[in-house]
Amino acid sequence: MMSAEEWATHVVAGKAVALTRSHLVSRSTGEVSNTVLVGLDALIAETGILLSAVCQPDALSDDEKSALSEITGGKETESFLVDRLVSDLSEFAQKRIAAGQTKPVLKLRLSGAEIAGESTQIGGHLMPKEENPVMGLRGVARYLHPQWARMFTLQCKIIKQLRLVTGDLPIAIVIPFVRTYSDAASVHDLLAEQGLFRGKSGLQVHLMCDLPANAVMADKFLHYFDGVVIDLDHLAQLTLAIDPANKTLDYDEPYDNEAVLSLAAQTLKKSREVNKPCEFLSRSATVPPKLQRWLSEHSVSSLICSPK
């Protein structure tokens with residue numbers, strides 16, 4: 001087992017990363033390790049367009065429509081987004097395959113919580129107004145809502161086209177905010193309707209463990225998925241009922257909390273019992289010593305880092 005110091009060195013030297021579009025374009029293959037997590041909503045937002053603009057094009061103002069046309073070069077919005085993201089993702093994935101990266105080559109996370117500053121982008125005013133972006137109509141609940149069905153379809157189109165141009169690229173689709181077993185079953189039905197079948201040509205579907213319910217009932221949730229990624233920040237928020245945007249709450253490193261780590265340990269244990277991969281996601285720019293020790297003690301050798 002690595003010491004905390006050895007673990008920290010390992011992660012700094014070869015940590016898994018959550019990539020933005022600019023990283024995909026510029027990062028060399030040698031700089032990444034086995035896991036790359038890509039948030040499709042974040043990649044799309046980097047174009048200046050939000051998924052809400054795709055879902056409700058008739059609700060856009062004339063100024064927004066003009067700005068949208070300028071970004072897309074007059075091309076239909078969905079086609080523009082699919083072509084652009086597939087081009088970036090496929091080029092990056094092919095480099096990883098050429099470098100001998102193991103399956104899955106990429107993990108693509110479907111839309112979950114909203115990203116900061118989205119209200120200034122095209123379609124931002126169409127999003128539901130909620131104080132805490134982790135609450136409300138998120139993840140599978142949104143995919144099932146008629147208003148957002150087109151958003152889900154667009155993300156599936158990106159994944160299908162990516163696999164088509166790369167020859168059934170071995171990827172994992174990561175599903176956030178799976179609140180119930182019904183959600184877990186429903187998302188597979190939705191994916192199948194879009195031609196994305198779990199297990200077909202190496203396609204995997206993983207659970208994003210955002211919720212205490214996912215951790216407490218990990219053994220049952222894992223029946224529906226090929227692996228799990230524990231989102232330490234969301235798990236901490238919903239375990240401790242805290243909002244990191246609320247500066248009056250002084251919880252700098254909430255996932256150092258014993259309750260949060262206990263839930264993470266349950267999930268890790270259950271995933272290992274059924275021989276399914278379990279990885280950890282942190283939005284902190286640094287890994288606190290207590291968390292380093294905990295990860296080392298539990299034989300976790302890498303952390304997906306997505307700094308705020």
# chains A, B, ... in the order shown; residues from 1 in each chain; ligands from 1

$ select_by_dssp --residues "range 144-295 of chain A" --states "strand (DSSP E or B)" --output "list in words"
Ile171, Ala172, Ile173, Val174, Ile175, Gln204, Val205, His206, Leu207, Met208, Cys209, Gly227, Val228, Val229, Ile230, Asp231, Cys278, Glu279, Phe280, Leu281 and Ser282 of chain A

$ write_last_selection --atoms "C-alpha atoms" --output "PDB file, in the first residue's frame"
ATOM      1  CA  ILE A 171     -16.478   4.192 -23.916  1.00  0.00           C
ATOM      2  CA  ALA A 172     -18.479   4.411 -20.720  1.00  0.00           C
ATOM      3  CA  ILE A 173     -21.528   6.635 -20.431  1.00  0.00           C
ATOM      4  CA  VAL A 174     -21.690   8.060 -16.896  1.00  0.00           C
ATOM      5  CA  ILE A 175     -25.182   8.800 -15.554  1.00  0.00           C
ATOM      6  CA  GLN A 204     -20.506   0.465 -20.733  1.00  0.00           C
ATOM      7  CA  VAL A 205     -22.839   2.500 -18.541  1.00  0.00           C
ATOM      8  CA  HIS A 206     -21.533   3.751 -15.179  1.00  0.00           C
ATOM      9  CA  LEU A 207     -23.254   5.343 -12.196  1.00  0.00           C
ATOM     10  CA  MET A 208     -22.209   8.747 -10.907  1.00  0.00           C
ATOM     11  CA  CYS A 209     -22.598   8.390  -7.152  1.00  0.00           C
ATOM     12  CA  GLY A 227     -18.977   0.735 -12.652  1.00  0.00           C
ATOM     13  CA  VAL A 228     -19.274   3.808 -10.458  1.00  0.00           C
ATOM     14  CA  VAL A 229     -17.655   7.238 -10.079  1.00  0.00           C
ATOM     15  CA  ILE A 230     -18.064   8.787  -6.625  1.00  0.00           C
ATOM     16  CA  ASP A 231     -18.579  12.561  -6.828  1.00  0.00           C
ATOM     17  CA  CYS A 278     -14.984   2.474  -8.576  1.00  0.00           C
ATOM     18  CA  GLU A 279     -13.317   5.846  -9.079  1.00  0.00           C
ATOM     19  CA  PHE A 280     -13.370   9.145  -7.240  1.00  0.00           C
ATOM     20  CA  LEU A 281     -14.049  12.671  -8.509  1.00  0.00           C
ATOM     21  CA  SER A 282     -12.993  15.846  -6.690  1.00  0.00           C
TER      22      SER A 282
END

$ closest_atom_pairs --of "range 210-259 of chain A" --to "range 191-198 of chain A" --cutoff "10 Å" --atoms "only C-alpha atoms" --output "Markdown table"
| residue | atom | partner | partner_atom | distance |
| --- | --- | --- | --- | --- |
| A:Tyr224 | CA | A:Arg198 | CA | 9.7 |
| A:Phe225 | CA | A:Arg198 | CA | 8.8 |
| A:Asp226 | CA | A:Arg198 | CA | 8.8 |

$ write_last_selection --atoms "N, CA, C and O atoms" --output "JSON list (two decimals), in the first residue's frame"
[["chain", "number", "residue", "atom", "x", "y", "z"],
["A", 224, "TYR", "N", -27.40, -2.38, -11.99],
["A", 224, "TYR", "CA", -27.80, -1.70, -13.23],
["A", 224, "TYR", "C", -26.61, -1.12, -14.01],
["A", 224, "TYR", "O", -26.80, -0.65, -15.13],
["A", 225, "PHE", "N", -25.41, -1.13, -13.42],
["A", 225, "PHE", "CA", -24.29, -0.41, -14.01],
["A", 225, "PHE", "C", -23.01, -1.25, -14.04],
["A", 225, "PHE", "O", -22.87, -2.21, -13.29],
["A", 226, "ASP", "N", -22.09, -0.82, -14.91],
["A", 226, "ASP", "CA", -20.82, -1.53, -15.08],
["A", 226, "ASP", "C", -19.72, -0.97, -14.20],
["A", 226, "ASP", "O", -18.62, -1.53, -14.16]]

$ closest_residue --among "A:Phe92, A:Ile71, A:Val82, A:Ser52" --to "Arg142 in chain A" --atoms "only C-alpha atoms"
A:Ser52

$ select_by_dssp --residues "range 102-235 of chain A" --states "alpha helix (DSSP H)" --output "PyMOL selection string"
chain A and resi 140-143+149-166+181-193+212-216+218-221+232-235

$ residues_around --residues "Met151 in chain A" --least-positions-apart "3" --cutoff "12 Å" --atoms "only C-alpha atoms" --output "NGL selection string"
:A and (40-41 or 44 or 50-57 or 78 or 81 or 110-112 or 139-140 or 142-148 or 154-158)

$ closest_residue --among "A:Ala245, A:Ala59, A:Leu203, A:Ala259" --to "Val216 in chain A" --atoms "only C-alpha atoms"
A:Ala259
